[in-house]
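To keep things clear, I will list the structure first and then write my remarks on it.
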Amino acid sequence: MQDLTPLNSFIPHVPPIDEPALAAALQRRIDGKTKPLGSLGQLEQLMLRLGLILGSETPCLHEPQLMVFAGDHGLAARGVSAYPSDVTWQMVENFLAGGAAVSVLARQHGLALTVVDAGVAHDFEPRPGLVNAKLGYGTADSSTHPAMSTEQCADAIGRGRRILADSPGNALLLGEMGIGNTSSAALLLARLQNLPIEHCAGRGTGLDDAALSRKIEVLRAVLQRHAEATQPLQALAALGGFEIAMMVGAVLQAASERRVIVVDGFIASSAVLVAAKLQPAVLQRCVFAHRSMENGHKLMLEALQAQPLLDLGLRLGEGSGAALAWPLLGSACRILAEMASFESAGVSQQG
């Protein structure tokens with residue numbers, strides 16, 4: 001069984017990547033390829049980012065880890081989701097059986113898929129691909145209590161760090177599963193960015209207009225109840241989920257090790273938002289996979305100053321958007337390493 005003892009300090013230091021010589025060398029290499037300047041568009045920005053994260057003019061991605069963090073939410077009892085909480089554990093079984101969308105994409109793209117039970121209201125049989133990091137059978141109902149105690153929140157971050165630290169490779173792809181977790185993500189966005197909750201909350205698993213209106217009223221009451229929880233860790237404990245807190249830990253650890261972090265949709269982005277409030281240089285290590293259809297994701301991406309790679313109208317979660325974007329990262333690395341330069345190919349440059 002994996003050692004889940006939290007690391008000594010549950011918030012690691014993440015220094016800024018400040019390597020102007022490497023940045024200049026990468027830009028020269030990109031500009032020197034046999035193409036008009038800037039003609040590969042956003043892919044050129046991706047090449048530069050990957051080179052800076054991995055500290056190389058020819059970055060190479062290896063042993064990518066797609067981690068789906070799963071947890072239940074007490075707030076789901078208030079009707080904030082179109083699906084019952086049992087769907088969380090049923091989908092975990094689907095992931096492990098290889099039948100979910102993210103399972104298919106992981107197989108297609110050679111991604112090691114791990115499901116982390118951060119706090120699902122179900123006991124799973126041990127098996128390959130499953131990490132039991134359970135902190136409880138779902139969080140408390142945040143409409144009546146903090147979702148987590150301060151100690152549980154710190155423990156969750158520490159466990160997320162340990163899970164990542166014990167995993168190979170130089171890339172983390174974030175995924176999640178938890179009925180009710182779009183509510184936690186919306187609450188965190190509203191609180192940490194001081195935004196109206198009606199701008200942050202969306203339909204989640206498919207609420208109709210009336211149910212969405214009820215969801216917003218529930219979330220507004222939750223924010224009022226926890227009005228004092230204004231700092232990142234306070235807000236995470238009061239409003240978040242076990243799976244979001246463990247993702248925060250995994251993001252912080254990956255950033256401290258200069259791994260590439262491929263961020264999926266709204267809920268994964270909420271974990272990055274918290275992590276970046278704690279250690280701003282986390283964002284230098286992130287590649288944002290896509291823009292979700294979930295209401296608040298556009299605002300979340302703006303808060304993170306992020307330019308996503310894809311815009312496919314996705315709202316599935318699971319890490320599916322991260323897996324779909326993954327081949328673009330491989331293409332960026334291959335172009336940097338293998339595409340000819342004007343000099344090597346004997347091609348005349350623009351005068």
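Each chain in the structure tokens gets a letter, A, B, ..., in the order shown, and its residues are numbered from 1; ligands are numbered from 1 in order too.
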
**Message:** I'd like the neighbourhood of Ala340 of chain A as an NGL selection string, where a residue qualifies if any of its atoms comes within 9 Å (using only C-alpha atoms), though same-chain residues fewer than 5 positions away should be ignored.
**Reply:** :A and (32-34 or 335 or 345)

**Prompt:** Do you know which residues are at most 10 Å from Asp311 of chain A counting only C-alpha atoms, after dropping those on the same chain fewer than 5 positions away, and could you put them as a PyMOL selection string?
**Reply:** chain A and resi 289-293+321

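Using only C-alpha atoms, the shortest contact distance between Met91 of chain A and any of A:Leu40, A:Cys60, A:Leu236, A:Met177 is found at A:Met177.
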
**Prompt:** Can you list every residue in segment 116-256 of chain A that DSSP puts in alpha helix (DSSP H), as a ChimeraX atom specification?
**Reply:** /A:150-165,181-193,197-200,209-225,232-239,242-256

**Contacts of Leu66 of chain A within 10 Å, only C-alpha atoms, excl. fewer than 6 positions in-chain, as a VMD selection string** = chain A and resid 102 to 103 106 110 to 115 171 to 175 262 318 to 320 322 to 323

**Complete:** Across A:Glu151, A:Leu105, A:Ala238, A:Ala201, the smallest distance to Leu324 of chain A, with only C-alpha atoms counted, is shown by A:Leu105

**Asked** A:Thr144, A:Arg258, A:Ser81, A:Ser183: which is nearest Ser56 of chain A, counting only C-alpha atoms?
**Response** A:Arg258

Determine, counting only C-alpha atoms, which protein, DNA and RNA residues have an atom within 12 Å of an atom of Arg161 of chain A; residues of the same chain fewer than 4 positions away are not included. Present the result as a JSON list (two decimals) with all heavy atoms, in the first residue's frame.
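Wrote part-v4.json, looks like this:
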```json
[["chain", "number", "residue", "atom", "x", "y", "z"],
["A", 3, "ASP", "N", 2.53, 4.71, 0.80],
["A", 3, "ASP", "CA", 2.73, 5.52, 2.01],
["A", 3, "ASP", "C", 2.10, 6.88, 1.80],
["A", 3, "ASP", "O", 2.50, 7.65, 0.94],
["A", 3, "ASP", "CB", 4.23, 5.67, 2.29],
["A", 3, "ASP", "CG", 4.51, 6.56, 3.49],
["A", 3, "ASP", "OD1", 3.57, 6.81, 4.28],
["A", 3, "ASP", "OD2", 5.66, 7.00, 3.64],
["A", 4, "LEU", "N", 1.07, 7.19, 2.62],
["A", 4, "LEU", "CA", 0.37, 8.47, 2.48],
["A", 4, "LEU", "C", 0.70, 9.42, 3.62],
["A", 4, "LEU", "O", -0.01, 10.38, 3.87],
["A", 4, "LEU", "CB", -1.14, 8.23, 2.42],
["A", 4, "LEU", "CG", -1.61, 7.47, 1.19],
["A", 4, "LEU", "CD1", -3.10, 7.18, 1.27],
["A", 4, "LEU", "CD2", -1.30, 8.24, -0.08],
["A", 5, "THR", "N", 1.81, 9.16, 4.32],
["A", 5, "THR", "CA", 2.24, 10.10, 5.36],
["A", 5, "THR", "C", 2.49, 11.46, 4.74],
["A", 5, "THR", "O", 3.27, 11.59, 3.80],
["A", 5, "THR", "CB", 3.53, 9.61, 6.03],
["A", 5, "THR", "OG1", 3.33, 8.28, 6.50],
["A", 5, "THR", "CG2", 3.91, 10.52, 7.19],
["A", 6, "PRO", "N", 1.81, 12.52, 5.24],
["A", 6, "PRO", "CA", 2.04, 13.85, 4.65],
["A", 6, "PRO", "C", 3.51, 14.26, 4.74],
["A", 6, "PRO", "O", 4.22, 13.87, 5.67],
["A", 6, "PRO", "CB", 1.16, 14.77, 5.50],
["A", 6, "PRO", "CG", 0.10, 13.87, 6.06],
["A", 6, "PRO", "CD", 0.78, 12.55, 6.29],
["A", 7, "LEU", "N", 3.95, 15.05, 3.77],
["A", 7, "LEU", "CA", 5.31, 15.56, 3.80],
["A", 7, "LEU", "C", 5.44, 16.61, 4.91],
["A", 7, "LEU", "O", 4.45, 17.13, 5.42],
["A", 7, "LEU", "CB", 5.65, 16.17, 2.43],
["A", 7, "LEU", "CG", 5.53, 15.20, 1.25],
["A", 7, "LEU", "CD1", 5.84, 15.90, -0.05],
["A", 7, "LEU", "CD2", 6.44, 14.01, 1.43],
["A", 8, "ASN", "N", 6.67, 16.92, 5.29],
["A", 8, "ASN", "CA", 6.92, 17.73, 6.49],
["A", 8, "ASN", "C", 6.16, 19.05, 6.48],
["A", 8, "ASN", "O", 5.47, 19.38, 7.43],
["A", 8, "ASN", "CB", 8.42, 17.99, 6.66],
["A", 8, "ASN", "CG", 9.16, 16.74, 7.06],
["A", 8, "ASN", "OD1", 8.55, 15.83, 7.64],
["A", 8, "ASN", "ND2", 10.44, 16.66, 6.77],
["A", 9, "SER", "N", 6.31, 19.82, 5.44],
["A", 9, "SER", "CA", 5.60, 21.08, 5.32],
["A", 9, "SER", "C", 4.54, 20.90, 4.25],
["A", 9, "SER", "O", 4.84, 20.51, 3.13],
["A", 9, "SER", "CB", 6.55, 22.21, 4.92],
["A", 9, "SER", "OG", 5.83, 23.37, 4.62],
["A", 10, "PHE", "N", 3.27, 21.14, 4.60],
["A", 10, "PHE", "CA", 2.23, 20.77, 3.63],
["A", 10, "PHE", "C", 2.07, 21.81, 2.53],
["A", 10, "PHE", "O", 1.39, 21.55, 1.55],
["A", 10, "PHE", "CB", 0.90, 20.45, 4.32],
["A", 10, "PHE", "CG", 0.13, 21.64, 4.85],
["A", 10, "PHE", "CD1", -0.91, 22.17, 4.13],
["A", 10, "PHE", "CD2", 0.43, 22.18, 6.07],
["A", 10, "PHE", "CE1", -1.64, 23.25, 4.61],
["A", 10, "PHE", "CE2", -0.29, 23.25, 6.56],
["A", 10, "PHE", "CZ", -1.32, 23.79, 5.83],
["A", 11, "ILE", "N", 2.73, 22.97, 2.63],
["A", 11, "ILE", "CA", 2.76, 23.94, 1.54],
["A", 11, "ILE", "C", 4.22, 24.13, 1.11],
["A", 11, "ILE", "O", 4.98, 24.85, 1.76],
["A", 11, "ILE", "CB", 2.17, 25.30, 1.96],
["A", 11, "ILE", "CG1", 0.77, 25.14, 2.54],
["A", 11, "ILE", "CG2", 2.16, 26.25, 0.76],
["A", 11, "ILE", "CD1", -0.26, 24.61, 1.56],
["A", 12, "PRO", "N", 4.66, 23.49, 0.01],
["A", 12, "PRO", "CA", 6.05, 23.63, -0.42],
["A", 12, "PRO", "C", 6.29, 24.99, -1.07],
["A", 12, "PRO", "O", 5.36, 25.63, -1.58],
["A", 12, "PRO", "CB", 6.21, 22.51, -1.45],
["A", 12, "PRO", "CG", 4.84, 22.38, -2.04],
["A", 12, "PRO", "CD", 3.88, 22.64, -0.90],
["A", 133, "ALA", "N", -6.84, 6.91, -0.42],
["A", 133, "ALA", "CA", -6.38, 8.03, 0.39],
["A", 133, "ALA", "C", -7.56, 8.63, 1.16],
["A", 133, "ALA", "O", -7.57, 9.80, 1.51],
["A", 133, "ALA", "CB", -5.74, 9.09, -0.49],
["A", 154, "ALA", "N", -5.53, 20.27, 5.72],
["A", 154, "ALA", "CA", -4.06, 20.15, 5.68],
["A", 154, "ALA", "C", -3.65, 18.73, 5.35],
["A", 154, "ALA", "O", -2.70, 18.51, 4.57],
["A", 154, "ALA", "CB", -3.47, 20.59, 7.01],
["A", 155, "ASP", "N", -4.35, 17.75, 5.92],
["A", 155, "ASP", "CA", -4.04, 16.34, 5.67],
["A", 155, "ASP", "C", -4.28, 16.00, 4.20],
["A", 155, "ASP", "O", -3.47, 15.30, 3.56],
["A", 155, "ASP", "CB", -4.90, 15.46, 6.57],
["A", 155, "ASP", "CG", -4.43, 14.01, 6.62],
["A", 155, "ASP", "OD1", -3.38, 13.69, 6.01],
["A", 155, "ASP", "OD2", -5.10, 13.20, 7.28],
["A", 156, "ALA", "N", -5.37, 16.51, 3.65],
["A", 156, "ALA", "CA", -5.68, 16.25, 2.24],
["A", 156, "ALA", "C", -4.59, 16.81, 1.33],
["A", 156, "ALA", "O", -4.14, 16.14, 0.39],
["A", 156, "ALA", "CB", -7.04, 16.85, 1.87],
["A", 157, "ILE", "N", -4.16, 18.03, 1.59],
["A", 157, "ILE", "CA", -3.09, 18.63, 0.79],
["A", 157, "ILE", "C", -1.82, 17.81, 0.91],
["A", 157, "ILE", "O", -1.14, 17.51, -0.08],
["A", 157, "ILE", "CB", -2.86, 20.10, 1.20],
["A", 157, "ILE", "CG1", -4.06, 20.95, 0.82],
["A", 157, "ILE", "CG2", -1.58, 20.66, 0.55],
["A", 157, "ILE", "CD1", -4.02, 22.37, 1.35],
["A", 165, "ALA", "N", 4.45, 12.86, -5.28],
["A", 165, "ALA", "CA", 5.89, 12.69, -5.07],
["A", 165, "ALA", "C", 6.32, 11.24, -5.30],
["A", 165, "ALA", "O", 7.45, 10.99, -5.74],
["A", 165, "ALA", "CB", 6.26, 13.13, -3.66],
["A", 166, "ASP", "N", 5.43, 10.30, -5.03],
["A", 166, "ASP", "CA", 5.75, 8.89, -5.19],
["A", 166, "ASP", "C", 5.47, 8.37, -6.59],
["A", 166, "ASP", "O", 5.61, 7.16, -6.84],
["A", 166, "ASP", "CB", 4.95, 8.06, -4.17],
["A", 166, "ASP", "CG", 5.41, 8.28, -2.74],
["A", 166, "ASP", "OD1", 6.52, 8.82, -2.55],
["A", 166, "ASP", "OD2", 4.66, 7.93, -1.80],
["A", 167, "SER", "N", 5.07, 9.24, -7.50],
["A", 167, "SER", "CA", 4.72, 8.84, -8.87],
["A", 167, "SER", "C", 5.83, 9.24, -9.83],
["A", 167, "SER", "O", 6.46, 10.28, -9.67],
["A", 167, "SER", "CB", 3.41, 9.49, -9.30],
["A", 167, "SER", "OG", 2.36, 9.11, -8.44],
["A", 172, "LEU", "N", 1.87, 15.83, -14.99],
["A", 172, "LEU", "CA", 0.65, 15.48, -14.26],
["A", 172, "LEU", "C", -0.54, 16.01, -15.04],
["A", 172, "LEU", "O", -0.60, 17.19, -15.36],
["A", 172, "LEU", "CB", 0.67, 16.09, -12.86],
["A", 172, "LEU", "CG", -0.66, 16.11, -12.10],
["A", 172, "LEU", "CD1", -1.11, 14.70, -11.76],
["A", 172, "LEU", "CD2", -0.56, 16.96, -10.84],
["A", 245, "ALA", "N", -9.00, 19.45, -2.46],
["A", 245, "ALA", "CA", -7.86, 19.70, -1.58],
["A", 245, "ALA", "C", -6.68, 18.80, -1.94],
["A", 245, "ALA", "O", -5.52, 19.23, -1.92],
["A", 245, "ALA", "CB", -8.27, 19.51, -0.13],
["A", 246, "MET", "N", -6.95, 17.53, -2.27],
["A", 246, "MET", "CA", -5.84, 16.65, -2.67],
["A", 246, "MET", "C", -5.25, 17.08, -3.99],
["A", 246, "MET", "O", -4.03, 16.98, -4.20],
["A", 246, "MET", "CB", -6.30, 15.19, -2.71],
["A", 246, "MET", "CG", -6.41, 14.58, -1.33],
["A", 246, "MET", "SD", -6.47, 12.78, -1.36],
["A", 246, "MET", "CE", -7.08, 12.48, 0.31],
["A", 247, "MET", "N", -6.09, 17.58, -4.91],
["A", 247, "MET", "CA", -5.54, 18.13, -6.16],
["A", 247, "MET", "C", -4.66, 19.34, -5.88],
["A", 247, "MET", "O", -3.63, 19.51, -6.54],
["A", 247, "MET", "CB", -6.67, 18.51, -7.12],
["A", 247, "MET", "CG", -7.28, 17.34, -7.85],
["A", 247, "MET", "SD", -8.28, 17.86, -9.28],
["A", 247, "MET", "CE", -9.67, 18.62, -8.47],
["A", 248, "VAL", "N", -5.05, 20.18, -4.93],
["A", 248, "VAL", "CA", -4.19, 21.31, -4.55],
["A", 248, "VAL", "C", -2.82, 20.80, -4.14],
["A", 248, "VAL", "O", -1.78, 21.33, -4.57],
["A", 248, "VAL", "CB", -4.83, 22.13, -3.40],
["A", 248, "VAL", "CG1", -3.84, 23.16, -2.86],
["A", 248, "VAL", "CG2", -6.10, 22.83, -3.88],
["A", 249, "GLY", "N", -2.78, 19.76, -3.32],
["A", 249, "GLY", "CA", -1.50, 19.19, -2.90],
["A", 249, "GLY", "C", -0.71, 18.63, -4.06],
["A", 249, "GLY", "O", 0.52, 18.85, -4.15],
["A", 250, "ALA", "N", -1.38, 17.92, -4.95],
["A", 250, "ALA", "CA", -0.68, 17.35, -6.11],
["A", 250, "ALA", "C", -0.12, 18.44, -7.01],
["A", 250, "ALA", "O", 1.00, 18.34, -7.52],
["A", 250, "ALA", "CB", -1.63, 16.44, -6.89],
["A", 251, "VAL", "N", -0.89, 19.51, -7.19],
["A", 251, "VAL", "CA", -0.43, 20.63, -8.02],
["A", 251, "VAL", "C", 0.79, 21.30, -7.38],
["A", 251, "VAL", "O", 1.78, 21.60, -8.07],
["A", 251, "VAL", "CB", -1.58, 21.65, -8.21],
["A", 251, "VAL", "CG1", -1.06, 22.98, -8.76],
["A", 251, "VAL", "CG2", -2.64, 21.07, -9.13],
["A", 252, "LEU", "N", 0.73, 21.55, -6.09],
["A", 252, "LEU", "CA", 1.86, 22.18, -5.40],
["A", 252, "LEU", "C", 3.11, 21.32, -5.50],
["A", 252, "LEU", "O", 4.21, 21.83, -5.74],
["A", 252, "LEU", "CB", 1.50, 22.43, -3.94],
["A", 252, "LEU", "CG", 0.50, 23.55, -3.67],
["A", 252, "LEU", "CD1", 0.02, 23.50, -2.23],
["A", 252, "LEU", "CD2", 1.12, 24.92, -3.96],
["A", 253, "GLN", "N", 2.96, 20.01, -5.33],
["A", 253, "GLN", "CA", 4.12, 19.12, -5.40],
["A", 253, "GLN", "C", 4.68, 19.07, -6.81],
["A", 253, "GLN", "O", 5.90, 19.15, -7.02],
["A", 253, "GLN", "CB", 3.74, 17.71, -4.93],
["A", 253, "GLN", "CG", 4.92, 16.75, -4.84],
["A", 253, "GLN", "CD", 5.93, 17.16, -3.79],
["A", 253, "GLN", "OE1", 5.56, 17.80, -2.79],
["A", 253, "GLN", "NE2", 7.19, 16.80, -3.98],
["A", 254, "ALA", "N", 3.78, 18.94, -7.80],
["A", 254, "ALA", "CA", 4.24, 18.89, -9.20],
["A", 254, "ALA", "C", 4.97, 20.18, -9.56],
["A", 254, "ALA", "O", 6.01, 20.15, -10.22],
["A", 254, "ALA", "CB", 3.05, 18.67, -10.13],
["A", 255, "ALA", "N", 4.43, 21.30, -9.11],
["A", 255, "ALA", "CA", 5.08, 22.59, -9.41],
["A", 255, "ALA", "C", 6.43, 22.69, -8.74],
["A", 255, "ALA", "O", 7.39, 23.19, -9.34],
["A", 255, "ALA", "CB", 4.17, 23.73, -8.97],
["A", 256, "SER", "N", 6.54, 22.22, -7.52],
["A", 256, "SER", "CA", 7.82, 22.29, -6.80],
["A", 256, "SER", "C", 8.88, 21.42, -7.45],
["A", 256, "SER", "O", 10.07, 21.68, -7.33],
["A", 256, "SER", "CB", 7.64, 21.90, -5.33],
["A", 256, "SER", "OG", 7.41, 20.51, -5.19],
["A", 257, "GLU", "N", 8.45, 20.37, -8.17],
["A", 257, "GLU", "CA", 9.37, 19.47, -8.88],
["A", 257, "GLU", "C", 9.56, 19.85, -10.35],
["A", 257, "GLU", "O", 10.23, 19.15, -11.09],
["A", 257, "GLU", "CB", 8.85, 18.03, -8.80],
["A", 257, "GLU", "CG", 8.77, 17.47, -7.39],
["A", 257, "GLU", "CD", 8.23, 16.06, -7.37],
["A", 257, "GLU", "OE1", 8.15, 15.42, -8.45],
["A", 257, "GLU", "OE2", 7.89, 15.58, -6.26],
["A", 275, "ALA", "N", -4.12, 26.74, -5.26],
["A", 275, "ALA", "CA", -2.67, 26.54, -5.21],
["A", 275, "ALA", "C", -1.93, 27.81, -5.61],
["A", 275, "ALA", "O", -0.90, 28.16, -5.01],
["A", 275, "ALA", "CB", -2.28, 25.38, -6.13]]
```
